[in-house]
file start_22.txt (compact mmCIF, C-alpha atoms)
# COMPACT_ATOMS: atom_id res chain seq x y z
CA MET A 1 -0.75 16.54 -24.00
CA ILE A 2 1.93 13.92 -23.24
CA GLU A 3 3.68 14.93 -20.00
CA THR A 4 6.19 12.52 -18.57
CA ASN A 5 7.87 14.92 -16.15
CA LEU A 6 6.91 13.56 -12.73
CA TYR A 7 6.24 16.88 -11.03
CA GLU A 8 4.40 18.41 -13.99
CA ALA A 9 2.21 15.31 -14.31
CA MET A 10 1.30 15.53 -10.60
CA ARG A 11 0.74 19.27 -10.74
CA THR A 12 -1.83 18.91 -13.55
CA GLN A 13 -3.57 15.68 -12.47
CA ARG A 14 -7.14 16.96 -12.63
CA ALA A 15 -10.16 14.73 -12.08
CA ILE A 16 -11.69 14.35 -15.55
CA ARG A 17 -15.27 13.06 -15.70
CA ARG A 18 -16.39 14.03 -19.23
CA LEU A 19 -14.77 11.44 -21.48
CA ARG A 20 -15.06 10.88 -25.22
CA PRO A 21 -15.90 7.43 -26.67
CA ASP A 22 -12.75 7.43 -28.86
CA PRO A 23 -10.69 4.28 -28.25
CA ILE A 24 -7.37 4.36 -26.42
CA PRO A 25 -4.53 2.68 -28.38
CA ASP A 26 -3.31 -0.63 -26.93
CA ASP A 27 0.25 0.59 -26.42
CA VAL A 28 -1.00 3.58 -24.41
CA LEU A 29 -3.20 1.35 -22.25
CA HIS A 30 -0.33 -1.07 -21.75
CA ARG A 31 1.92 1.69 -20.39
CA ILE A 32 -0.90 2.89 -18.09
CA PHE A 33 -1.54 -0.63 -16.75
CA GLU A 34 2.16 -1.38 -16.37
CA ALA A 35 2.60 1.76 -14.27
CA ALA A 36 0.09 0.31 -11.78
CA THR A 37 2.12 -2.90 -11.44
CA TYR A 38 5.21 -0.92 -10.31
CA ALA A 39 3.52 0.35 -7.13
CA PRO A 40 4.69 -0.78 -3.70
CA THR A 41 2.43 -3.13 -1.70
CA GLY A 42 2.75 -4.66 1.77
CA GLY A 43 5.32 -7.47 1.63
CA ASN A 44 5.39 -6.94 -2.18
CA ARG A 45 2.42 -9.32 -2.26
CA GLN A 46 0.44 -7.26 -4.81
CA VAL A 47 -2.90 -8.49 -3.52
CA TRP A 48 -4.83 -6.30 -5.95
CA ARG A 49 -6.21 -7.05 -9.41
CA MET A 50 -7.86 -4.72 -11.92
CA ILE A 51 -10.58 -5.63 -14.40
CA ALA A 52 -10.49 -3.42 -17.49
CA VAL A 53 -13.98 -3.40 -18.94
CA TRP A 54 -14.31 -2.79 -22.72
CA ASP A 55 -17.61 -4.62 -23.23
CA THR A 56 -20.40 -2.07 -23.80
CA SER A 57 -23.19 -4.03 -22.13
CA THR A 58 -21.07 -4.59 -19.01
CA LYS A 59 -20.14 -0.89 -18.88
CA GLN A 60 -23.81 0.06 -19.21
CA GLN A 61 -24.70 -2.20 -16.30
CA LEU A 62 -21.89 -0.69 -14.22
CA GLY A 63 -23.25 2.74 -15.23
CA ARG A 64 -26.73 1.88 -13.95
CA LEU A 65 -25.30 0.71 -10.62
CA TYR A 66 -23.12 3.82 -10.39
CA ALA A 67 -26.01 6.18 -11.20
CA LYS A 68 -28.10 4.61 -8.43
CA HIS A 69 -25.57 5.98 -5.92
CA TRP A 70 -24.37 9.07 -7.77
CA LEU A 71 -27.77 10.75 -8.18
CA PRO A 72 -28.73 10.76 -4.46
CA TYR A 73 -25.11 11.67 -3.59
CA ALA A 74 -25.19 14.71 -5.89
CA GLU A 75 -28.64 15.75 -4.68
CA ASN A 76 -27.51 15.49 -1.07
CA PHE A 77 -24.33 17.45 -1.87
CA ARG A 78 -26.37 20.31 -3.36
CA LYS A 79 -28.70 20.31 -0.33
CA THR A 80 -25.93 20.28 2.26
CA ASN A 81 -23.96 23.07 0.54
CA PRO A 82 -26.79 25.59 -0.06
CA ASP A 83 -24.76 28.58 1.12
CA THR A 84 -22.07 28.12 -1.49
CA SER A 85 -22.13 31.11 -3.82
CA GLY A 86 -20.18 32.83 -6.57
CA ASP A 87 -17.14 31.04 -7.97
CA ALA A 88 -17.32 28.21 -5.42
CA ALA A 89 -20.95 27.47 -6.34
CA ALA A 90 -20.14 27.53 -10.05
CA ALA A 91 -17.19 25.18 -9.50
CA MET A 92 -19.30 22.83 -7.38
CA GLU A 93 -22.05 22.80 -10.03
CA ARG A 94 -19.51 22.11 -12.80
CA THR A 95 -18.14 19.14 -10.85
CA LEU A 96 -21.61 17.77 -10.09
CA ALA A 97 -22.75 18.21 -13.71
CA ALA A 98 -19.61 16.38 -14.85
CA GLY A 99 -20.48 13.60 -12.39
CA ASP A 100 -24.00 13.45 -13.84
CA HIS A 101 -22.43 13.14 -17.28
CA LEU A 102 -20.13 10.32 -16.11
CA ALA A 103 -23.03 8.41 -14.52
CA ALA A 104 -25.16 8.75 -17.67
CA ASN A 105 -22.38 7.87 -20.13
CA LEU A 106 -20.38 5.07 -18.58
CA GLY A 107 -21.38 2.72 -21.40
CA ASN A 108 -19.74 5.05 -23.95
CA ILE A 109 -16.40 5.44 -22.17
CA PRO A 110 -13.70 3.29 -23.81
CA VAL A 111 -12.37 1.51 -20.73
CA VAL A 112 -13.73 1.30 -17.17
CA VAL A 113 -11.28 -0.12 -14.65
CA ILE A 114 -12.63 -1.91 -11.57
CA VAL A 115 -10.01 -2.22 -8.82
CA CYS A 116 -10.20 -5.39 -6.71
CA PHE A 117 -8.27 -6.68 -3.70
CA GLU A 118 -8.03 -9.90 -1.71
CA ALA A 119 -10.35 -9.14 1.17
CA TYR A 120 -8.54 -11.34 3.68
CA GLY A 121 -5.08 -11.12 2.14
CA LEU A 122 -4.09 -7.74 3.54
CA ALA A 123 -2.09 -7.21 6.71
CA VAL A 124 -4.25 -4.54 8.32
CA THR A 125 -2.62 -2.94 11.34
CA ASP A 126 -5.41 -0.52 12.28
CA VAL A 127 -8.36 -2.84 12.94
CA ASP A 128 -8.32 -2.37 16.72
CA GLN A 129 -8.35 1.42 16.96
CA GLY A 130 -12.09 1.96 17.36
CA ARG A 131 -12.40 3.83 14.08
CA ILE A 132 -12.86 2.87 10.43
CA PRO A 133 -9.73 1.08 9.19
CA VAL A 134 -7.85 2.55 6.21
CA VAL A 135 -4.50 0.73 6.21
CA GLY A 136 -5.63 -1.98 3.77
CA GLY A 137 -5.80 0.83 1.23
CA GLY A 138 -2.03 1.27 1.60
CA SER A 139 -1.51 -1.77 -0.65
CA ILE A 140 -4.15 -0.71 -3.21
CA TYR A 141 -4.30 3.05 -3.81
CA PRO A 142 -0.59 3.57 -4.58
CA ALA A 143 -1.23 1.31 -7.60
CA VAL A 144 -4.37 3.28 -8.47
CA GLN A 145 -2.42 6.54 -8.20
CA ASN A 146 0.35 5.15 -10.44
CA LEU A 147 -2.30 4.18 -12.99
CA MET A 148 -3.86 7.65 -12.87
CA LEU A 149 -0.51 9.46 -13.08
CA ALA A 150 0.39 7.35 -16.12
CA ALA A 151 -3.01 8.17 -17.65
CA ARG A 152 -2.25 11.83 -17.08
CA ALA A 153 1.19 11.37 -18.68
CA GLU A 154 -0.45 9.82 -21.73
CA GLY A 155 -3.12 12.53 -21.99
CA VAL A 156 -5.87 10.06 -21.05
CA GLY A 157 -8.50 11.46 -18.68
CA CYS A 158 -9.64 9.64 -15.54
CA VAL A 159 -11.07 10.06 -12.06
CA LEU A 160 -10.89 7.95 -8.89
CA THR A 161 -14.41 6.99 -7.80
CA THR A 162 -15.53 4.76 -4.93
CA LEU A 163 -19.35 5.04 -4.89
CA LEU A 164 -19.68 1.73 -6.76
CA CYS A 165 -18.36 -0.09 -3.66
CA MET A 166 -21.85 0.43 -2.23
CA SER A 167 -23.05 -2.08 -4.84
CA GLU A 168 -20.17 -4.49 -4.34
CA PRO A 169 -22.30 -7.69 -4.37
CA GLU A 170 -23.87 -6.73 -7.73
CA VAL A 171 -20.49 -5.71 -9.22
CA LYS A 172 -18.90 -8.98 -8.06
CA LYS A 173 -21.71 -10.97 -9.67
CA LEU A 174 -21.52 -8.98 -12.92
CA LEU A 175 -17.73 -9.40 -13.23
CA ASN A 176 -17.42 -12.92 -11.73
CA ILE A 177 -15.21 -11.66 -8.92
CA PRO A 178 -14.47 -14.54 -6.48
CA GLU A 179 -16.06 -14.70 -3.06
CA ASP A 180 -12.89 -13.73 -1.16
CA TRP A 181 -12.06 -10.70 -3.33
CA ALA A 182 -13.58 -7.24 -2.93
CA THR A 183 -13.78 -3.91 -4.80
CA ALA A 184 -11.94 -0.69 -3.94
CA ALA A 185 -12.51 1.76 -6.81
CA MET A 186 -13.77 2.44 -10.31
CA VAL A 187 -11.53 4.43 -12.66
CA PRO A 188 -13.02 5.34 -16.07
CA LEU A 189 -10.37 5.98 -18.75
CA GLY A 190 -10.85 8.06 -21.91
CA TYR A 191 -9.83 11.19 -23.75
CA SER A 192 -11.31 14.37 -22.32
CA VAL A 193 -14.30 16.13 -23.89
CA GLY A 194 -12.96 19.45 -22.65
CA VAL A 195 -9.51 20.94 -22.23
CA GLY A 196 -8.45 18.05 -20.00
CA TYR A 197 -5.48 18.17 -17.64
CA GLY A 198 -4.36 21.51 -16.26
CA PRO A 199 -3.86 23.54 -13.09
CA ILE A 200 -5.39 22.16 -9.89
CA SER A 201 -6.52 23.80 -6.66
CA ARG A 202 -4.87 22.40 -3.54
CA LYS A 203 -3.95 23.53 -0.03
CA PRO A 204 -0.29 24.58 0.28
CA VAL A 205 2.43 22.64 2.13
CA GLU A 206 2.18 24.89 5.20
CA ASP A 207 -1.51 23.96 5.67
CA LEU A 208 -0.96 20.22 5.34
CA PHE A 209 2.42 19.61 7.01
CA PHE A 210 3.50 20.13 10.60
CA GLN A 211 6.95 19.92 12.13
CA ASP A 212 7.71 17.57 15.05
CA SER A 213 4.27 17.96 16.62
CA TRP A 214 0.68 18.58 15.50
CA GLY A 215 -0.03 22.26 14.71
CA GLN A 216 3.62 23.34 14.68
CA PRO A 217 4.55 25.27 11.48
CA ILE A 218 7.03 23.55 9.23
CA ASP A 219 10.44 25.04 8.35
CA ALA A 220 10.82 23.36 4.99
CA ALA A 221 7.61 25.06 3.85
CA GLY A 222 9.54 28.09 2.69
CA GLU A 223 10.15 28.77 -0.97
CA PRO A 224 12.79 26.56 -2.58
CA GLN A 225 16.24 27.97 -1.85
CA MET B 226 20.29 9.81 -8.81
CA ILE B 227 17.75 12.52 -9.76
CA GLU B 228 15.08 10.93 -11.97
CA THR B 229 12.11 13.08 -12.90
CA ASN B 230 10.82 10.92 -15.75
CA LEU B 231 7.52 9.59 -14.42
CA TYR B 232 7.82 6.04 -15.73
CA GLU B 233 11.49 5.67 -14.82
CA ALA B 234 10.79 6.95 -11.29
CA MET B 235 7.98 4.39 -10.86
CA ARG B 236 10.04 1.57 -12.37
CA THR B 237 12.84 2.10 -9.84
CA GLN B 238 10.81 2.95 -6.71
CA ARG B 239 12.39 0.42 -4.37
CA ALA B 240 11.57 0.24 -0.68
CA ILE B 241 14.68 1.61 1.04
CA ARG B 242 15.04 0.87 4.75
CA ARG B 243 18.75 1.52 5.39
CA LEU B 244 19.03 5.29 5.55
CA ARG B 245 22.00 7.55 6.33
CA PRO B 246 21.78 10.31 8.97
CA ASP B 247 22.87 12.99 6.44
CA PRO B 248 20.37 15.88 6.37
CA ILE B 249 18.06 16.44 3.39
CA PRO B 250 18.24 20.01 2.02
CA ASP B 251 15.14 22.15 2.65
CA ASP B 252 14.45 22.72 -1.05
CA VAL B 253 14.49 18.97 -1.71
CA LEU B 254 12.12 18.33 1.20
CA HIS B 255 9.85 21.13 0.02
CA ARG B 256 9.47 19.54 -3.42
CA ILE B 257 8.78 16.14 -1.83
CA PHE B 258 6.12 17.59 0.49
CA GLU B 259 4.57 19.69 -2.26
CA ALA B 260 4.18 16.58 -4.44
CA ALA B 261 1.98 15.08 -1.70
CA THR B 262 -0.32 18.11 -1.73
CA TYR B 263 -1.08 17.61 -5.47
CA ALA B 264 -2.74 14.22 -4.93
CA PRO B 265 -6.46 13.74 -5.52
CA THR B 266 -8.74 13.24 -2.49
CA GLY B 267 -12.48 12.62 -2.17
CA GLY B 268 -14.32 15.89 -2.85
CA ASN B 269 -10.88 17.58 -2.94
CA ARG B 270 -11.23 17.86 0.86
CA GLN B 271 -7.63 16.83 1.58
CA VAL B 272 -8.50 15.41 4.98
CA TRP B 273 -4.95 14.24 5.59
CA ARG B 274 -2.05 15.93 7.37
CA MET B 275 1.58 14.86 7.71
CA ILE B 276 3.89 15.50 10.65
CA ALA B 277 7.53 15.63 9.59
CA VAL B 278 9.60 14.71 12.63
CA TRP B 279 13.15 16.12 12.81
CA ASP B 280 13.49 16.08 16.61
CA THR B 281 15.86 13.29 17.65
CA SER B 282 14.19 12.41 20.94
CA THR B 283 10.76 12.17 19.25
CA LYS B 284 12.20 9.97 16.49
CA GLN B 285 13.82 7.73 19.11
CA GLN B 286 10.49 7.33 20.89
CA LEU B 287 8.79 6.52 17.56
CA GLY B 288 11.59 4.01 16.95
CA ARG B 289 10.95 2.27 20.27
CA LEU B 290 7.23 2.00 19.47
CA TYR B 291 8.00 0.75 15.96
CA ALA B 292 10.51 -1.87 17.18
CA LYS B 293 7.91 -3.22 19.61
CA HIS B 294 5.84 -4.32 16.60
CA TRP B 295 8.60 -4.92 14.06
CA LEU B 296 10.55 -7.49 16.05
CA PRO B 297 7.63 -9.94 16.63
CA TYR B 298 6.48 -9.30 13.03
CA ALA B 299 9.88 -10.25 11.62
CA GLU B 300 10.18 -13.27 13.91
CA ASN B 301 6.74 -14.46 12.86
CA PHE B 302 7.58 -13.87 9.19
CA ARG B 303 10.69 -16.07 9.48
CA LYS B 304 8.69 -18.79 11.25
CA THR B 305 5.81 -18.82 8.77
CA ASN B 306 8.13 -18.91 5.73
CA PRO B 307 10.51 -21.72 6.81
CA ASP B 308 10.43 -23.45 3.41
CA THR B 309 11.79 -20.45 1.56
CA SER B 310 15.19 -21.36 0.16
CA GLY B 311 17.88 -20.16 -2.22
CA ASP B 312 17.51 -16.69 -3.74
CA ALA B 313 14.05 -16.13 -2.24
CA ALA B 314 15.34 -16.91 1.26
CA ALA B 315 18.32 -14.59 0.79
CA ALA B 316 16.04 -11.81 -0.47
CA MET B 317 13.63 -12.31 2.45
CA GLU B 318 16.51 -12.22 4.93
CA ARG B 319 17.93 -9.04 3.34
CA THR B 320 14.54 -7.34 3.63
CA LEU B 321 14.06 -8.45 7.24
CA ALA B 322 17.59 -7.39 8.20
CA ALA B 323 16.93 -3.99 6.59
CA GLY B 324 13.74 -3.78 8.64
CA ASP B 325 15.72 -4.58 11.80
CA HIS B 326 18.11 -1.78 10.85
CA LEU B 327 15.24 0.66 10.35
CA ALA B 328 13.67 -0.23 13.69
CA ALA B 329 17.00 0.17 15.51
CA ASN B 330 17.99 3.44 13.79
CA LEU B 331 14.86 5.53 13.48
CA GLY B 332 16.37 8.17 15.76
CA ASN B 333 19.23 8.69 13.31
CA ILE B 334 17.13 9.09 10.17
CA PRO B 335 16.88 12.76 9.15
CA VAL B 336 13.07 13.01 8.77
CA VAL B 337 10.31 10.61 9.81
CA VAL B 338 6.90 11.44 8.32
CA ILE B 339 3.77 10.41 10.21
CA VAL B 340 0.67 10.42 7.99
CA CYS B 341 -2.59 11.43 9.70
CA PHE B 342 -6.21 11.66 8.58
CA GLU B 343 -9.49 12.99 9.95
CA ALA B 344 -11.01 9.80 11.32
CA TYR B 345 -14.62 10.86 10.80
CA GLY B 346 -14.03 13.20 7.85
CA LEU B 347 -13.82 10.55 5.12
CA ALA B 348 -16.73 9.47 2.94
CA VAL B 349 -16.30 5.71 3.26
CA THR B 350 -18.47 3.75 0.83
CA ASP B 351 -17.45 0.23 1.85
CA VAL B 352 -18.41 0.09 5.54
CA ASP B 353 -21.38 -2.23 5.01
CA GLN B 354 -19.77 -5.02 3.01
CA GLY B 355 -18.97 -7.42 5.85
CA ARG B 356 -15.21 -7.13 5.34
CA ILE B 357 -12.50 -4.73 6.47
CA PRO B 358 -13.04 -1.31 4.84
CA VAL B 359 -10.26 0.15 2.68
CA VAL B 360 -11.93 3.03 0.80
CA GLY B 361 -10.90 5.67 3.35
CA GLY B 362 -7.38 4.98 2.16
CA GLY B 363 -8.35 6.27 -1.28
CA SER B 364 -8.05 9.84 0.05
CA ILE B 365 -4.76 9.20 1.88
CA TYR B 366 -2.40 6.82 0.04
CA PRO B 367 -2.39 8.64 -3.33
CA ALA B 368 -0.76 11.52 -1.39
CA VAL B 369 1.67 9.09 0.27
CA GLN B 370 2.54 7.61 -3.12
CA ASN B 371 3.10 11.10 -4.57
CA LEU B 372 5.42 11.86 -1.64
CA MET B 373 7.36 8.63 -2.19
CA LEU B 374 7.61 9.08 -5.97
CA ALA B 375 8.94 12.59 -5.41
CA ALA B 376 11.44 11.21 -2.88
CA ARG B 377 12.55 8.71 -5.52
CA ALA B 378 12.82 11.54 -8.07
CA GLU B 379 15.07 13.45 -5.66
CA GLY B 380 17.22 10.40 -4.83
CA VAL B 381 15.90 10.32 -1.25
CA GLY B 382 15.18 6.82 0.09
CA CYS B 383 11.93 5.89 1.81
CA VAL B 384 9.53 3.06 2.57
CA LEU B 385 5.81 2.94 3.34
CA THR B 386 5.25 1.35 6.75
CA THR B 387 2.02 0.84 8.70
CA LEU B 388 3.02 -1.22 11.77
CA LEU B 389 3.11 1.93 13.92
CA CYS B 390 -0.70 2.19 13.58
CA MET B 391 -0.83 -0.62 16.17
CA SER B 392 0.47 1.96 18.66
CA GLU B 393 -1.80 4.77 17.48
CA PRO B 394 -2.79 6.00 20.99
CA GLU B 395 0.89 6.34 22.01
CA VAL B 396 1.82 8.05 18.71
CA LYS B 397 -1.10 10.48 19.04
CA LYS B 398 -0.03 11.36 22.58
CA LEU B 399 3.62 11.80 21.57
CA LEU B 400 2.79 14.09 18.61
CA ASN B 401 -0.24 15.89 20.12
CA ILE B 402 -2.54 14.57 17.40
CA PRO B 403 -6.15 15.66 18.15
CA GLU B 404 -8.74 13.17 19.37
CA ASP B 405 -10.64 13.00 16.05
CA TRP B 406 -7.56 12.44 13.88
CA ALA B 407 -5.87 9.10 13.29
CA THR B 408 -2.64 7.67 11.82
CA ALA B 409 -2.27 5.84 8.50
CA ALA B 410 1.46 5.38 7.86
CA MET B 411 5.04 6.15 8.79
CA VAL B 412 7.45 7.07 5.99
CA PRO B 413 11.13 7.54 6.98
CA LEU B 414 13.08 9.79 4.57
CA GLY B 415 16.84 9.78 4.09
CA TYR B 416 19.66 9.05 1.67
CA SER B 417 20.33 5.36 1.14
CA VAL B 418 23.21 3.53 2.83
CA GLY B 419 23.42 1.20 -0.16
CA VAL B 420 22.98 1.60 -3.89
CA GLY B 421 19.46 2.94 -3.40
CA TYR B 422 16.82 3.04 -6.11
CA GLY B 423 16.97 0.51 -8.92
CA PRO B 424 15.16 -2.37 -10.61
CA ILE B 425 12.14 -3.82 -8.79
CA SER B 426 10.49 -7.23 -8.91
CA ARG B 427 6.78 -7.11 -9.78
CA LYS B 428 4.15 -9.33 -11.37
CA PRO B 429 3.51 -8.47 -15.05
CA VAL B 430 0.37 -6.80 -16.42
CA GLU B 431 -1.08 -10.12 -17.60
CA ASP B 432 -1.05 -11.49 -14.03
CA LEU B 433 -2.70 -8.44 -12.47
CA PHE B 434 -5.19 -7.27 -15.11
CA PHE B 435 -8.23 -9.04 -16.53
CA GLN B 436 -10.45 -8.03 -19.44
CA ASP B 437 -14.22 -7.58 -19.02
CA SER B 438 -14.53 -10.35 -16.43
CA TRP B 439 -12.45 -11.91 -13.64
CA GLY B 440 -9.84 -14.37 -14.95
CA GLN B 441 -10.17 -13.40 -18.61
CA PRO B 442 -6.77 -12.60 -20.20
CA ILE B 443 -6.25 -8.99 -21.25
CA ASP B 444 -5.60 -7.95 -24.87
CA ALA B 445 -3.68 -4.79 -24.05
CA ALA B 446 -1.15 -6.92 -22.17
CA GLY B 447 0.84 -7.52 -25.36
CA GLU B 448 4.05 -5.72 -26.06
CA PRO B 449 3.69 -2.06 -27.03
CA GLN B 450 2.90 -1.79 -30.74

call {"tool": "encode", "arguments": {"input": "start_22.txt", "output": "structure tokens"}}
result
Amino acid sequence: MIETNLYEAMRTQRAIRRLRPDPIPDDVLHRIFEAATYAPTGGNRQVWRMIAVWDTSTKQQLGRLYAKHWLPYAENFRKTNPDTSGDAAAAMERTLAAGDHLAANLGNIPVVVIVCFEAYGLAVTDVDQGRIPVVGGGSIYPAVQNLMLAARAEGVGCVLTTLLCMSEPEVKKLLNIPEDWATAAMVPLGYSVGVGYGPISRKPVEDLFFQDSWGQPIDAAGEPQ
Amino acid sequence: MIETNLYEAMRTQRAIRRLRPDPIPDDVLHRIFEAATYAPTGGNRQVWRMIAVWDTSTKQQLGRLYAKHWLPYAENFRKTNPDTSGDAAAAMERTLAAGDHLAANLGNIPVVVIVCFEAYGLAVTDVDQGRIPVVGGGSIYPAVQNLMLAARAEGVGCVLTTLLCMSEPEVKKLLNIPEDWATAAMVPLGYSVGVGYGPISRKPVEDLFFQDSWGQPIDAAGEPQ
């Protein structure tokens, strides 16, 4: 399950929501955490921090907060996708059931990582565009992705979740996060109940990349020469 | 210069701003672009697109827009860090000079990638927290980081920049980006003028990770067992 080839790790980085309670060895966790530190950030200021939660009671409280948002989210998802059928419906239901499992079992997962950032420490260049800003995430989610790729390399399952941000005040109180820091994600870490990492379903390069101008097909999308 | 070991690629992922005009082979670009497609996104909806700009005139126009923001940014940075001295001052000046070079030479860089996202297509869970939202970036910057790690693996230099978002209306017009899509980053791609990828300077795990509660030192921060 250890896969340190960059491309193979990326190609098999599945979201894994059913995690076993088995502990993760310290040296494995250290490599996963260290990978996050390598990520680029604006001005190399690294204005993120991560809290790795081992304590069962704290994880259970995070689980209750998460479930409060997950359950209505899943219900709404089922309602708004009623026409899904066949393989797509089965896949959707598998994902939602895995989410239910995650919400119900957060207290039993070995480590739950809460990603924080300095709320007023980011240089955000897209605040005046009349739409929801995203650029602050440019100094946070590369570190989260490094952490998750390293988890994949080590055979440790994880998934990037953001629903808990809806309970940010409660999470900050629970984890003693300072006033001027905020939360950006929750990443549970543990060994997979099921088969774990494997093939993923993604749009191809030609659907996601354009050349020179929006909508223009890209030349480099051809098969490798 | 090819480095496909995941950890080694991360450990040497320097920001590279001085890029040669030499073209990047199509197969190399294809692997870099494909790496971006593998990244996780909320609900696997992949509501990002990237425009890879080869056209010289378009790159020159992007360069003029970028320089408009870079030059005051760099000037302000020098003014607000007047006490920096010695090695830190030299490092700051090297970075700023490399930024000047990037701004002046964008037209000569082989490929400039503009990262776009569906402005109203993201599930953003942190809009009501009384601070600048970042969660939308959770479905964008993992793909950008995959692209940049793949570039590092291939020995192609790059840097994540966001200043161009300040000219989003002009960029959208130039690249025919639809009304309901927005911009999140500019990533120039090219072979390095200098030595390229190598050691990076980052805070250690014990400075960036806490255990169970904010400020509490982390056990897994010790040396690998």

call {"tool": "atom_distance", "arguments": {"input": "start_22.txt", "atom1": "atom CA of Asp252 of chain B", "atom2": "atom CA of Arg202 of chain A"}}
result
19.5 Å

call {"tool": "residues_around", "arguments": {"input": "start_22.txt", "residues": "Ala35 of chain A", "least_positions_apart": "6", "cutoff": "8 Å", "atoms": "all atoms listed in the file", "output": "PyMOL selection string"}}
result
(chain A and resi 143+146-147+150) or (chain B and resi 232+235-236)

call {"tool": "atom_distance", "arguments": {"input": "start_22.txt", "atom1": "atom CA of Ile109 of chain A", "atom2": "atom CA of Thr183 of chain A"}}
result
19.9 Å

call {"tool": "closest_residue", "arguments": {"input": "start_22.txt", "among": "A:Leu122, A:Ala90, A:Leu102, A:Leu65", "to": "chain B", "atoms": "all atoms listed in the file"}}
result
A:Leu122

call {"tool": "interface_residues", "arguments": {"input": "start_22.txt", "of": "chain A", "to": "chain B", "cutoff": "6 Å", "atoms": "only C-alpha atoms", "output": "ChimeraX atom specification"}}
result
/A:4-6,11,26-27,30,34,38,49-53,125-126,133-134,136-138,141-142,145,163,165-166,175-177,205,208-214,220-221,224-225

call {"tool": "write_last_selection", "arguments": {"input": "start_22.txt", "atoms": "C-alpha atoms", "output": "PDB file, in the frame of the given file"}}
result
ATOM      1  CA  THR A   4       6.190  12.520 -18.570  1.00  0.00           C
ATOM      2  CA  ASN A   5       7.870  14.920 -16.150  1.00  0.00           C
ATOM      3  CA  LEU A   6       6.910  13.560 -12.730  1.00  0.00           C
ATOM      4  CA  ARG A  11       0.740  19.270 -10.740  1.00  0.00           C
ATOM      5  CA  ASP A  26      -3.310  -0.630 -26.930  1.00  0.00           C
ATOM      6  CA  ASP A  27       0.250   0.590 -26.420  1.00  0.00           C
ATOM      7  CA  HIS A  30      -0.330  -1.070 -21.750  1.00  0.00           C
ATOM      8  CA  GLU A  34       2.160  -1.380 -16.370  1.00  0.00           C
ATOM      9  CA  TYR A  38       5.210  -0.920 -10.310  1.00  0.00           C
ATOM     10  CA  ARG A  49      -6.210  -7.050  -9.410  1.00  0.00           C
ATOM     11  CA  MET A  50      -7.860  -4.720 -11.920  1.00  0.00           C
ATOM     12  CA  ILE A  51     -10.580  -5.630 -14.400  1.00  0.00           C
ATOM     13  CA  ALA A  52     -10.490  -3.420 -17.490  1.00  0.00           C
ATOM     14  CA  VAL A  53     -13.980  -3.400 -18.940  1.00  0.00           C
ATOM     15  CA  THR A 125      -2.620  -2.940  11.340  1.00  0.00           C
ATOM     16  CA  ASP A 126      -5.410  -0.520  12.280  1.00  0.00           C
ATOM     17  CA  PRO A 133      -9.730   1.080   9.190  1.00  0.00           C
ATOM     18  CA  VAL A 134      -7.850   2.550   6.210  1.00  0.00           C
ATOM     19  CA  GLY A 136      -5.630  -1.980   3.770  1.00  0.00           C
ATOM     20  CA  GLY A 137      -5.800   0.830   1.230  1.00  0.00           C
ATOM     21  CA  GLY A 138      -2.030   1.270   1.600  1.00  0.00           C
ATOM     22  CA  TYR A 141      -4.300   3.050  -3.810  1.00  0.00           C
ATOM     23  CA  PRO A 142      -0.590   3.570  -4.580  1.00  0.00           C
ATOM     24  CA  GLN A 145      -2.420   6.540  -8.200  1.00  0.00           C
ATOM     25  CA  LEU A 163     -19.350   5.040  -4.890  1.00  0.00           C
ATOM     26  CA  CYS A 165     -18.360  -0.090  -3.660  1.00  0.00           C
ATOM     27  CA  MET A 166     -21.850   0.430  -2.230  1.00  0.00           C
ATOM     28  CA  LEU A 175     -17.730  -9.400 -13.230  1.00  0.00           C
ATOM     29  CA  ASN A 176     -17.420 -12.920 -11.730  1.00  0.00           C
ATOM     30  CA  ILE A 177     -15.210 -11.660  -8.920  1.00  0.00           C
ATOM     31  CA  VAL A 205       2.430  22.640   2.130  1.00  0.00           C
ATOM     32  CA  LEU A 208      -0.960  20.220   5.340  1.00  0.00           C
ATOM     33  CA  PHE A 209       2.420  19.610   7.010  1.00  0.00           C
ATOM     34  CA  PHE A 210       3.500  20.130  10.600  1.00  0.00           C
ATOM     35  CA  GLN A 211       6.950  19.920  12.130  1.00  0.00           C
ATOM     36  CA  ASP A 212       7.710  17.570  15.050  1.00  0.00           C
ATOM     37  CA  SER A 213       4.270  17.960  16.620  1.00  0.00           C
ATOM     38  CA  TRP A 214       0.680  18.580  15.500  1.00  0.00           C
ATOM     39  CA  ALA A 220      10.820  23.360   4.990  1.00  0.00           C
ATOM     40  CA  ALA A 221       7.610  25.060   3.850  1.00  0.00           C
ATOM     41  CA  PRO A 224      12.790  26.560  -2.580  1.00  0.00           C
ATOM     42  CA  GLN A 225      16.240  27.970  -1.850  1.00  0.00           C
TER      43      GLN A 225
END

call {"tool": "residues_around", "arguments": {"input": "start_22.txt", "residues": "Asp247 of chain B", "least_positions_apart": "6", "cutoff": "8 Å", "atoms": "all atoms listed in the file", "output": "mmCIF file with C-alpha atoms, keeping the file's coordinate frame"}}
result
data_model
loop_
_atom_site.group_PDB
_atom_site.id
_atom_site.type_symbol
_atom_site.label_atom_id
_atom_site.label_comp_id
_atom_site.auth_asym_id
_atom_site.auth_seq_id
_atom_site.Cartn_x
_atom_site.Cartn_y
_atom_site.Cartn_z
ATOM 1 C CA ILE B 334 17.130 9.090 10.170
ATOM 2 C CA PRO B 335 16.880 12.760 9.150
ATOM 3 C CA GLY B 415 16.840 9.780 4.090
ATOM 4 C CA TYR B 416 19.660 9.050 1.670
#
